[in-house]
Amino acid sequence: MEWTGLNQLREKYLSFFESKGHTRLPSANLIPQGDNSLLLINSGMAPLKKFFLGTETPPNVRVTTCQKCIRTPDIERVGKTARHGTYFEMLGNFSFGDYFKKEAIAWAWEFLTGVLEIPADRLWITIFESDDEAESIWMNDIGIPKERIIRLGKADNFWEHGSGPCGPCSEIHFDRGEEYGPFESFEQASDCDRVIEIWNLVFSQFDSDGNGHYAEMAHKNIDTGMGLERLACAMQGVDNLFEVDTVQNIMKHISRIAGVNYKENEKSDVSLRVITDHIRSTTFMVGDGVTASNTGRGYVLRRLLRRAARHGRLLGIKEPFLYKVADTVIDENKCAYPELEEKREYIKKLILNEEESFAKTIDAGMDVLTKMLDGIEKGGVLSGEDTFKLSDTYGFPIDLTKEIAEEKGISVDEEGFRACVDESRKRSREDRLAKGGSSWDEDAMSNLDLPKTKFTGYDYSQLEINAKVLAVFKDGAEVSELNEGDDAVVILDETPFYAESGGQVGDTGVITIGESRFAVTDTKKTAKGQYLHFGTVEMGGIGKGDNVTASVNVEKRYAIMRNHTAAHLLQAALRKVLGDHVHQAGSYVDAERCRFDFSHFEAVTPEQLSEIEAIVNKDIFDAIPVTMTEMPIEEAKKLGAMALFGEKYGNIVRVVEAKGVSVEFCGGTHIDNTARLGLFRIVSENSVAAGVRRIEAVTGAGVLNMLNKYHTMLVESAAALKVAKPEDVAAKCAAVAAEVKSLEKEKAELNAKIAASQTGDVMADAVSVGAVRAATVQLTDVSADALRKMGDEAKDKNPDAVVVFASVNGSSASLLCVCGKEAVAAGANAGKIVKEVAAVTGGKGGGRPDSAMAGAGDASLIGKALEAVPSIVGSFVK
């Protein structure tokens, strides 16, 4: 076997299986597409589940991939051992109902022993204990001696994950040699890492019901997985992934920055391994569109970056450095993942931004944490309250607190920390609900035995219904009836009013009984499912038990629905123009506008905004039907419905689909056809947080209102500019601007002439200072440009001169010092001279040796400053 680089191994594998009729697919994005069960792609098979489940048709019944993967369950162990990592690449060849065991085994053996030339006597085989078929193939077709085939039980050699396709495995193991320990038995050799698994062949031949019953599948599949880094360890004769060529090059970059070498000190080795692994993970995550945040995969990214940054500090690195190491990660992997090169600057910018942010956090929190830990003996516990204080006040993440505390032999009260978090959330919720003098509070309702409110408002024909009043609240307490003028909350048995949720505002309208009228100004929902109608009794009275009519403000509701549907179309357009890294980071829709926050690290260009706007308007003009359907969550996932990350969903979900454009989990209200939006117009785009942008837009009447506003402004501008037609305003503005510019130029020239006439012969009163002549000139209301022109003329005509000009403009003043060529040769320096002259007034400035400007502090001291010029010049010249 010959030493082979990791990048060469990847290519050899993929090329080999292409020669066997497989289609090479690119690695899927680390952000799962249409699979909300995963935070990040963690296996080679994960992106191909749609093919195994039959929800999509693969491009070929034979596929091969090298898949980027992230796994974080053992993140705390990364660095402490050389075996654990969060990022790896998984080689795989797959069959969707085509070939099965015989071909999978034969090709695996051919690749390892034929292509890579691994000696056959260094390979061992394990099979499922009852898989006689696999043993027969290994023995009779491949020629493996029976004693080198090990039968293992279900825990080791049977792949199963709940219900669905499953089957036995056959693993290929590599013997690394006697330097790793004796080979007394296969189990013993595995325990001492002499024998390591390099390839797992999974034979999916059963369909499990999850309860121990297995039915033979008519169309059997092959799913294999071989860790690229682990294979490289075998081919390069190294102990672990950190010594593989491409990974080692990354570590060497870190070592150069830190001034330490690997395998010289175990403590620094831990930090080198942590940083090396985490910067690999984060570079690929950012490249695939993950942005740092405090939730979900964004938190995984932030946690990895901050853990790496802290270990950089343990190595003595005080400045941001991870963004520099990202260059090496990109260089080592761009041959296989060219998108890293394309996004190099973006990746480095995001990482640097996060490093700088964390520097502020760790500086503020470390001193506090150190003092807390200094007061606790080894074996003690840091309280949940203190841990929460670090997190809440200083932004110090609990996992970092745990890691630092563990280094000192101190544990953290995580349960107490969670209790503090829950209590904080409860207080925040209560504060929100108590805002605006609301007439109810959660405590007042906690003991009420009220059923959930039935919501009818999804059905447009049910926006006005008859209902019964179950309870009314005034001033935070339940009462029996309300009177005219009362601010209150009304709870009905059923309602057409949508309660504020998912970024959509609550409905408004009226609740009436006879001549009595309760104006609903907002609608919210309790955790128990009761809808709360906030408002005021405008006429008459209303009481518990009344049979009323509940009517939604239909015009306003439809405006809200248009804007909510627009948010879905906008997200689809953003992903099409900016990339699949775009995900919703928040939204707010009301009757006036649609506000959409999304993950993206740089400003959206005007050209991109125009393209996005055009895409949404095309979707509107195409009159696409919008359907809202409740379905089992698994069915929704098969449709590829996008979910708001971090949201919890039940078994039955509501899916909103604009056919061919957008499919999302959503409980909000929507129009039934995109044409009802009328028009869509982006109003603004700006940043709201690191890696999060915000777009505000309007639809329907909102666009008309905006256009009317602009038209009015245009007409008024035309009148002010005295042009007959509004369409001539632009040309008139250009002409006025040109005229103003010309007048300003003319003014400047006149000022220069006036200033020149004020100065006369600037050298008339010059004082000889050594080899130079020093002069001062005081002027009034002369522009900086005019001052410079005068200075240039003075130094050109008088090579031995040092001249200081002062122009007083009301309460402010400017200073200019110029030095001719001979004066500069004699030691005069305009930048230093003007700095000292300005200092007399309390001002500052500086510049080149021949010409420099400064601002005066106190303009009343200009005379005193000019008097000091000869002595200041004398301190510089020969």
# chains A, B, ... in the order shown; residues from 1 in each chain; ligands from 1
>>> select_by_dssp(residues="range 449-574 of chain A", states="alpha helix (DSSP H)", output="PDB file with all heavy atoms, in the first residue's frame")
ATOM      1  N   VAL A 554     -62.956  42.780   8.151  1.00  0.00           N
ATOM      2  CA  VAL A 554     -62.587  41.993   6.972  1.00  0.00           C
ATOM      3  C   VAL A 554     -61.551  42.694   6.114  1.00  0.00           C
ATOM      4  O   VAL A 554     -60.596  42.073   5.628  1.00  0.00           O
ATOM      5  CB  VAL A 554     -63.840  41.647   6.139  1.00  0.00           C
ATOM      6  CG1 VAL A 554     -63.446  40.930   4.858  1.00  0.00           C
ATOM      7  CG2 VAL A 554     -64.796  40.792   6.959  1.00  0.00           C
ATOM      8  N   GLU A 555     -61.715  43.992   5.898  1.00  0.00           N
ATOM      9  CA  GLU A 555     -60.765  44.729   5.052  1.00  0.00           C
ATOM     10  C   GLU A 555     -59.346  44.640   5.628  1.00  0.00           C
ATOM     11  O   GLU A 555     -58.383  44.396   4.903  1.00  0.00           O
ATOM     12  CB  GLU A 555     -61.207  46.185   4.941  1.00  0.00           C
ATOM     13  CG  GLU A 555     -60.310  47.011   4.025  1.00  0.00           C
ATOM     14  CD  GLU A 555     -60.782  48.454   3.900  1.00  0.00           C
ATOM     15  OE1 GLU A 555     -61.929  48.748   4.299  1.00  0.00           O
ATOM     16  OE2 GLU A 555     -59.989  49.291   3.414  1.00  0.00           O
ATOM     17  N   LYS A 556     -59.266  44.830   6.941  1.00  0.00           N
ATOM     18  CA  LYS A 556     -57.956  44.768   7.587  1.00  0.00           C
ATOM     19  C   LYS A 556     -57.401  43.352   7.559  1.00  0.00           C
ATOM     20  O   LYS A 556     -56.217  43.137   7.318  1.00  0.00           O
ATOM     21  CB  LYS A 556     -58.081  45.270   9.029  1.00  0.00           C
ATOM     22  CG  LYS A 556     -56.754  45.532   9.714  1.00  0.00           C
ATOM     23  CD  LYS A 556     -56.978  46.213  11.050  1.00  0.00           C
ATOM     24  CE  LYS A 556     -55.652  46.507  11.736  1.00  0.00           C
ATOM     25  NZ  LYS A 556     -55.858  47.152  13.061  1.00  0.00           N
ATOM     26  N   ARG A 557     -58.272  42.360   7.802  1.00  0.00           N
ATOM     27  CA  ARG A 557     -57.839  40.954   7.786  1.00  0.00           C
ATOM     28  C   ARG A 557     -57.257  40.594   6.420  1.00  0.00           C
ATOM     29  O   ARG A 557     -56.219  39.940   6.318  1.00  0.00           O
ATOM     30  CB  ARG A 557     -59.002  40.025   8.137  1.00  0.00           C
ATOM     31  CG  ARG A 557     -58.796  38.568   7.703  1.00  0.00           C
ATOM     32  CD  ARG A 557     -57.693  37.857   8.498  1.00  0.00           C
ATOM     33  NE  ARG A 557     -58.283  37.209   9.640  1.00  0.00           N
ATOM     34  CZ  ARG A 557     -58.871  36.021   9.614  1.00  0.00           C
ATOM     35  NH1 ARG A 557     -58.909  35.334   8.477  1.00  0.00           N
ATOM     36  NH2 ARG A 557     -59.383  35.515  10.692  1.00  0.00           N
ATOM     37  N   TYR A 558     -57.925  41.001   5.345  1.00  0.00           N
ATOM     38  CA  TYR A 558     -57.432  40.650   4.014  1.00  0.00           C
ATOM     39  C   TYR A 558     -56.086  41.316   3.724  1.00  0.00           C
ATOM     40  O   TYR A 558     -55.223  40.747   3.055  1.00  0.00           O
ATOM     41  CB  TYR A 558     -58.464  41.004   2.939  1.00  0.00           C
ATOM     42  CG  TYR A 558     -59.404  39.865   2.643  1.00  0.00           C
ATOM     43  CD1 TYR A 558     -60.515  39.626   3.441  1.00  0.00           C
ATOM     44  CD2 TYR A 558     -59.160  38.996   1.590  1.00  0.00           C
ATOM     45  CE1 TYR A 558     -61.368  38.562   3.188  1.00  0.00           C
ATOM     46  CE2 TYR A 558     -60.009  37.929   1.324  1.00  0.00           C
ATOM     47  CZ  TYR A 558     -61.112  37.711   2.132  1.00  0.00           C
ATOM     48  OH  TYR A 558     -61.938  36.645   1.891  1.00  0.00           O
ATOM     49  N   ALA A 559     -55.921  42.527   4.229  1.00  0.00           N
ATOM     50  CA  ALA A 559     -54.635  43.207   4.056  1.00  0.00           C
ATOM     51  C   ALA A 559     -53.533  42.436   4.786  1.00  0.00           C
ATOM     52  O   ALA A 559     -52.413  42.282   4.281  1.00  0.00           O
ATOM     53  CB  ALA A 559     -54.720  44.638   4.580  1.00  0.00           C
ATOM     54  N   ILE A 560     -53.836  41.930   5.981  1.00  0.00           N
ATOM     55  CA  ILE A 560     -52.869  41.140   6.744  1.00  0.00           C
ATOM     56  C   ILE A 560     -52.540  39.856   5.997  1.00  0.00           C
ATOM     57  O   ILE A 560     -51.378  39.455   5.901  1.00  0.00           O
ATOM     58  CB  ILE A 560     -53.430  40.814   8.150  1.00  0.00           C
ATOM     59  CG1 ILE A 560     -53.603  42.091   8.979  1.00  0.00           C
ATOM     60  CG2 ILE A 560     -52.517  39.830   8.886  1.00  0.00           C
ATOM     61  CD1 ILE A 560     -54.387  41.895  10.263  1.00  0.00           C
ATOM     62  N   MET A 561     -53.567  39.202   5.465  1.00  0.00           N
ATOM     63  CA  MET A 561     -53.355  37.949   4.737  1.00  0.00           C
ATOM     64  C   MET A 561     -52.482  38.169   3.509  1.00  0.00           C
ATOM     65  O   MET A 561     -51.619  37.350   3.183  1.00  0.00           O
ATOM     66  CB  MET A 561     -54.697  37.323   4.352  1.00  0.00           C
ATOM     67  CG  MET A 561     -55.506  36.824   5.542  1.00  0.00           C
ATOM     68  SD  MET A 561     -56.891  35.741   5.108  1.00  0.00           S
ATOM     69  CE  MET A 561     -57.886  36.787   4.096  1.00  0.00           C
ATOM     70  N   ARG A 562     -52.716  39.284   2.798  1.00  0.00           N
ATOM     71  CA  ARG A 562     -51.879  39.574   1.624  1.00  0.00           C
ATOM     72  C   ARG A 562     -50.415  39.705   2.033  1.00  0.00           C
ATOM     73  O   ARG A 562     -49.522  39.173   1.376  1.00  0.00           O
ATOM     74  CB  ARG A 562     -52.368  40.855   0.935  1.00  0.00           C
ATOM     75  CG  ARG A 562     -53.620  40.682   0.095  1.00  0.00           C
ATOM     76  CD  ARG A 562     -53.865  41.888  -0.795  1.00  0.00           C
ATOM     77  NE  ARG A 562     -54.246  43.067  -0.019  1.00  0.00           N
ATOM     78  CZ  ARG A 562     -55.498  43.394   0.274  1.00  0.00           C
ATOM     79  NH1 ARG A 562     -56.500  42.622  -0.130  1.00  0.00           N
ATOM     80  NH2 ARG A 562     -55.764  44.470   0.967  1.00  0.00           N
ATOM     81  N   ASN A 563     -50.189  40.422   3.115  1.00  0.00           N
ATOM     82  CA  ASN A 563     -48.810  40.628   3.562  1.00  0.00           C
ATOM     83  C   ASN A 563     -48.176  39.339   4.087  1.00  0.00           C
ATOM     84  O   ASN A 563     -46.968  39.143   3.946  1.00  0.00           O
ATOM     85  CB  ASN A 563     -48.763  41.726   4.626  1.00  0.00           C
ATOM     86  CG  ASN A 563     -48.964  43.105   4.027  1.00  0.00           C
ATOM     87  OD1 ASN A 563     -48.655  43.328   2.863  1.00  0.00           O
ATOM     88  ND2 ASN A 563     -49.492  44.034   4.815  1.00  0.00           N
ATOM     89  N   HIS A 564     -48.978  38.456   4.691  1.00  0.00           N
ATOM     90  CA  HIS A 564     -48.421  37.200   5.195  1.00  0.00           C
ATOM     91  C   HIS A 564     -48.027  36.281   4.029  1.00  0.00           C
ATOM     92  O   HIS A 564     -46.936  35.683   4.021  1.00  0.00           O
ATOM     93  CB  HIS A 564     -49.414  36.488   6.111  1.00  0.00           C
ATOM     94  CG  HIS A 564     -48.752  35.480   7.001  1.00  0.00           C
ATOM     95  ND1 HIS A 564     -49.295  35.064   8.197  1.00  0.00           N
ATOM     96  CD2 HIS A 564     -47.574  34.813   6.896  1.00  0.00           C
ATOM     97  CE1 HIS A 564     -48.488  34.190   8.772  1.00  0.00           C
ATOM     98  NE2 HIS A 564     -47.438  34.018   7.985  1.00  0.00           N
ATOM     99  N   THR A 565     -48.893  36.199   3.042  1.00  0.00           N
ATOM    100  CA  THR A 565     -48.547  35.393   1.867  1.00  0.00           C
ATOM    101  C   THR A 565     -47.335  35.988   1.164  1.00  0.00           C
ATOM    102  O   THR A 565     -46.469  35.258   0.651  1.00  0.00           O
ATOM    103  CB  THR A 565     -49.739  35.315   0.901  1.00  0.00           C
ATOM    104  OG1 THR A 565     -50.875  34.768   1.610  1.00  0.00           O
ATOM    105  CG2 THR A 565     -49.425  34.426  -0.294  1.00  0.00           C
ATOM    106  N   ALA A 566     -47.236  37.307   1.151  1.00  0.00           N
ATOM    107  CA  ALA A 566     -46.082  37.972   0.543  1.00  0.00           C
ATOM    108  C   ALA A 566     -44.789  37.564   1.230  1.00  0.00           C
ATOM    109  O   ALA A 566     -43.746  37.403   0.579  1.00  0.00           O
ATOM    110  CB  ALA A 566     -46.246  39.484   0.610  1.00  0.00           C
ATOM    111  N   ALA A 567     -44.850  37.365   2.550  1.00  0.00           N
ATOM    112  CA  ALA A 567     -43.647  36.948   3.298  1.00  0.00           C
ATOM    113  C   ALA A 567     -43.159  35.589   2.817  1.00  0.00           C
ATOM    114  O   ALA A 567     -41.951  35.353   2.701  1.00  0.00           O
ATOM    115  CB  ALA A 567     -43.949  36.909   4.793  1.00  0.00           C
ATOM    116  N   HIS A 568     -44.094  34.677   2.510  1.00  0.00           N
ATOM    117  CA  HIS A 568     -43.721  33.356   1.997  1.00  0.00           C
ATOM    118  C   HIS A 568     -43.090  33.475   0.605  1.00  0.00           C
ATOM    119  O   HIS A 568     -42.075  32.834   0.314  1.00  0.00           O
ATOM    120  CB  HIS A 568     -44.947  32.456   1.942  1.00  0.00           C
ATOM    121  CG  HIS A 568     -45.399  31.966   3.286  1.00  0.00           C
ATOM    122  ND1 HIS A 568     -45.914  30.708   3.479  1.00  0.00           N
ATOM    123  CD2 HIS A 568     -45.410  32.553   4.507  1.00  0.00           C
ATOM    124  CE1 HIS A 568     -46.239  30.551   4.762  1.00  0.00           C
ATOM    125  NE2 HIS A 568     -45.942  31.681   5.399  1.00  0.00           N
ATOM    126  N   LEU A 569     -43.710  34.267  -0.257  1.00  0.00           N
ATOM    127  CA  LEU A 569     -43.159  34.459  -1.598  1.00  0.00           C
ATOM    128  C   LEU A 569     -41.797  35.139  -1.529  1.00  0.00           C
ATOM    129  O   LEU A 569     -40.887  34.824  -2.315  1.00  0.00           O
ATOM    130  CB  LEU A 569     -44.120  35.292  -2.451  1.00  0.00           C
ATOM    131  CG  LEU A 569     -45.526  34.732  -2.677  1.00  0.00           C
ATOM    132  CD1 LEU A 569     -46.337  35.695  -3.534  1.00  0.00           C
ATOM    133  CD2 LEU A 569     -45.481  33.344  -3.317  1.00  0.00           C
ATOM    134  N   LEU A 570     -41.657  36.073  -0.598  1.00  0.00           N
ATOM    135  CA  LEU A 570     -40.387  36.790  -0.442  1.00  0.00           C
ATOM    136  C   LEU A 570     -39.277  35.836  -0.027  1.00  0.00           C
ATOM    137  O   LEU A 570     -38.160  35.908  -0.564  1.00  0.00           O
ATOM    138  CB  LEU A 570     -40.555  37.907   0.597  1.00  0.00           C
ATOM    139  CG  LEU A 570     -39.284  38.667   0.986  1.00  0.00           C
ATOM    140  CD1 LEU A 570     -38.651  39.322  -0.239  1.00  0.00           C
ATOM    141  CD2 LEU A 570     -39.605  39.715   2.055  1.00  0.00           C
ATOM    142  N   GLN A 571     -39.567  34.936   0.920  1.00  0.00           N
ATOM    143  CA  GLN A 571     -38.525  33.999   1.352  1.00  0.00           C
ATOM    144  C   GLN A 571     -38.073  33.121   0.179  1.00  0.00           C
ATOM    145  O   GLN A 571     -36.870  32.890  -0.013  1.00  0.00           O
ATOM    146  CB  GLN A 571     -39.005  33.112   2.496  1.00  0.00           C
ATOM    147  CG  GLN A 571     -37.958  32.074   2.893  1.00  0.00           C
ATOM    148  CD  GLN A 571     -38.222  31.396   4.216  1.00  0.00           C
ATOM    149  OE1 GLN A 571     -37.323  31.228   5.022  1.00  0.00           O
ATOM    150  NE2 GLN A 571     -39.458  30.983   4.450  1.00  0.00           N
ATOM    151  N   ALA A 572     -39.020  32.659  -0.608  1.00  0.00           N
ATOM    152  CA  ALA A 572     -38.673  31.826  -1.766  1.00  0.00           C
ATOM    153  C   ALA A 572     -37.804  32.607  -2.756  1.00  0.00           C
ATOM    154  O   ALA A 572     -36.820  32.084  -3.294  1.00  0.00           O
ATOM    155  CB  ALA A 572     -39.947  31.328  -2.453  1.00  0.00           C
ATOM    156  N   ALA A 573     -38.138  33.873  -2.984  1.00  0.00           N
ATOM    157  CA  ALA A 573     -37.367  34.702  -3.917  1.00  0.00           C
ATOM    158  C   ALA A 573     -35.970  34.987  -3.369  1.00  0.00           C
ATOM    159  O   ALA A 573     -34.987  34.987  -4.110  1.00  0.00           O
ATOM    160  CB  ALA A 573     -38.107  36.008  -4.191  1.00  0.00           C
ATOM    161  N   LEU A 574     -35.881  35.234  -2.074  1.00  0.00           N
ATOM    162  CA  LEU A 574     -34.580  35.483  -1.440  1.00  0.00           C
ATOM    163  C   LEU A 574     -33.661  34.278  -1.599  1.00  0.00           C
ATOM    164  O   LEU A 574     -32.471  34.414  -1.912  1.00  0.00           O
ATOM    165  CB  LEU A 574     -34.767  35.798   0.046  1.00  0.00           C
ATOM    166  CG  LEU A 574     -35.286  37.196   0.387  1.00  0.00           C
ATOM    167  CD1 LEU A 574     -35.761  37.252   1.833  1.00  0.00           C
ATOM    168  CD2 LEU A 574     -34.222  38.252   0.143  1.00  0.00           C
TER     169      LEU A 574
END
>>> select_by_dssp(residues="range 705-875 of chain A", states="strand (DSSP E or B)", output="ChimeraX atom specification")
/A:767-769,772-780,801-809,812-819,844-847,851-855
>>> residues_around(residues="Thr712 in chain A", least_positions_apart="6", cutoff="10 Å", atoms="only C-alpha atoms", output="list in words")
Met706, Ala718 and Pro726 of chain A
>>> write_last_selection(atoms="all heavy atoms", output="PDB file, in the first residue's frame")
ATOM      1  N   MET A 706     -48.399  54.031  -1.286  1.00  0.00           N
ATOM      2  CA  MET A 706     -47.019  54.468  -1.435  1.00  0.00           C
ATOM      3  C   MET A 706     -46.847  55.234  -2.742  1.00  0.00           C
ATOM      4  O   MET A 706     -46.210  56.291  -2.790  1.00  0.00           O
ATOM      5  CB  MET A 706     -46.078  53.267  -1.387  1.00  0.00           C
ATOM      6  CG  MET A 706     -44.605  53.642  -1.395  1.00  0.00           C
ATOM      7  SD  MET A 706     -43.535  52.192  -1.388  1.00  0.00           S
ATOM      8  CE  MET A 706     -43.817  51.579  -3.050  1.00  0.00           C
ATOM      9  N   ALA A 718     -42.437  69.520  -8.458  1.00  0.00           N
ATOM     10  CA  ALA A 718     -42.546  70.200  -9.754  1.00  0.00           C
ATOM     11  C   ALA A 718     -42.983  71.648  -9.560  1.00  0.00           C
ATOM     12  O   ALA A 718     -42.454  72.568 -10.212  1.00  0.00           O
ATOM     13  CB  ALA A 718     -43.520  69.456 -10.652  1.00  0.00           C
ATOM     14  N   PRO A 726     -44.573  66.957 -14.136  1.00  0.00           N
ATOM     15  CA  PRO A 726     -43.827  66.209 -13.124  1.00  0.00           C
ATOM     16  C   PRO A 726     -42.680  65.384 -13.704  1.00  0.00           C
ATOM     17  O   PRO A 726     -41.643  65.222 -13.065  1.00  0.00           O
ATOM     18  CB  PRO A 726     -44.897  65.292 -12.500  1.00  0.00           C
ATOM     19  CG  PRO A 726     -46.180  66.031 -12.720  1.00  0.00           C
ATOM     20  CD  PRO A 726     -46.019  66.704 -14.046  1.00  0.00           C
TER      21      PRO A 726
END
>>> closest_residue(among="A:Ala234, A:Leu482, A:Leu112, A:Val195", to="Thr4 in chain A", atoms="only C-alpha atoms")
A:Ala234
>>> decode(residues="range 137-208 of chain A", atoms="C-alpha atoms", output="compact mmCIF listing (two decimals), in the first residue's frame")
# COMPACT_ATOMS: atom_id res chain seq x y z
CA ILE A 137 -19.94 -14.33 -0.38
CA TRP A 138 -16.89 -13.35 1.67
CA MET A 139 -15.62 -16.93 1.82
CA ASN A 140 -16.54 -18.37 -1.57
CA ASP A 141 -16.44 -15.32 -3.85
CA ILE A 142 -13.74 -13.23 -2.20
CA GLY A 143 -11.70 -15.98 -0.60
CA ILE A 144 -11.56 -14.72 2.99
CA PRO A 145 -10.64 -17.52 5.43
CA LYS A 146 -13.47 -18.35 7.80
CA GLU A 147 -11.33 -17.53 10.85
CA ARG A 148 -11.01 -13.93 9.60
CA ILE A 149 -14.80 -13.48 9.48
CA ILE A 150 -16.29 -12.53 12.87
CA ARG A 151 -20.00 -12.93 13.60
CA LEU A 152 -21.40 -10.24 15.90
CA GLY A 153 -24.84 -9.56 17.36
CA LYS A 154 -27.54 -7.00 16.62
CA ALA A 155 -25.90 -4.23 18.63
CA ASP A 156 -22.83 -4.28 16.39
CA ASN A 157 -23.89 -5.51 12.98
CA PHE A 158 -27.52 -4.65 12.37
CA TRP A 159 -28.60 -1.19 11.23
CA GLU A 160 -32.02 -0.09 12.43
CA HIS A 161 -33.49 3.25 13.37
CA GLY A 162 -37.10 2.96 14.51
CA SER A 163 -39.51 1.72 11.89
CA GLY A 164 -38.76 1.50 8.17
CA PRO A 165 -35.94 0.02 6.05
CA CYS A 166 -33.26 -1.81 8.02
CA GLY A 167 -30.91 -4.74 7.70
CA PRO A 168 -27.69 -6.50 8.63
CA CYS A 169 -24.24 -4.94 8.23
CA SER A 170 -20.86 -6.23 7.20
CA GLU A 171 -17.91 -4.17 8.39
CA ILE A 172 -14.36 -4.17 7.06
CA HIS A 173 -11.62 -3.62 9.65
CA PHE A 174 -7.96 -2.65 9.16
CA ASP A 175 -5.11 -4.11 11.25
CA ARG A 176 -2.67 -1.27 12.01
CA GLY A 177 0.11 -3.57 13.19
CA GLU A 178 1.68 -5.00 16.30
CA GLU A 179 3.04 -1.61 17.44
CA TYR A 180 -0.51 -0.92 18.63
CA GLY A 181 -0.65 -4.05 20.76
CA PRO A 182 -0.90 -7.85 20.58
CA PHE A 183 -3.57 -9.67 18.57
CA GLU A 184 -4.80 -12.18 21.14
CA SER A 185 -8.38 -11.92 19.87
CA PHE A 186 -10.42 -9.71 17.54
CA GLU A 187 -12.17 -8.08 20.51
CA GLN A 188 -8.88 -7.39 22.29
CA ALA A 189 -7.30 -5.95 19.12
CA SER A 190 -10.30 -3.65 18.65
CA ASP A 191 -10.17 -2.45 22.25
CA CYS A 192 -6.53 -1.35 21.92
CA ASP A 193 -7.17 0.33 18.55
CA ARG A 194 -4.93 -2.10 16.72
CA VAL A 195 -7.90 -3.04 14.57
CA ILE A 196 -10.15 -0.17 13.41
CA GLU A 197 -13.33 -0.26 11.37
CA ILE A 198 -12.93 1.56 8.05
CA TRP A 199 -16.02 0.59 6.00
CA ASN A 200 -19.58 -0.38 6.89
CA LEU A 201 -21.73 -2.12 4.28
CA VAL A 202 -25.42 -1.93 5.21
CA PHE A 203 -27.79 -4.36 3.48
CA SER A 204 -31.28 -2.84 3.74
CA GLN A 205 -33.46 -5.90 3.13
CA PHE A 206 -36.19 -5.66 5.80
CA ASP A 207 -39.04 -3.28 6.58
CA SER A 208 -39.40 -2.97 10.36
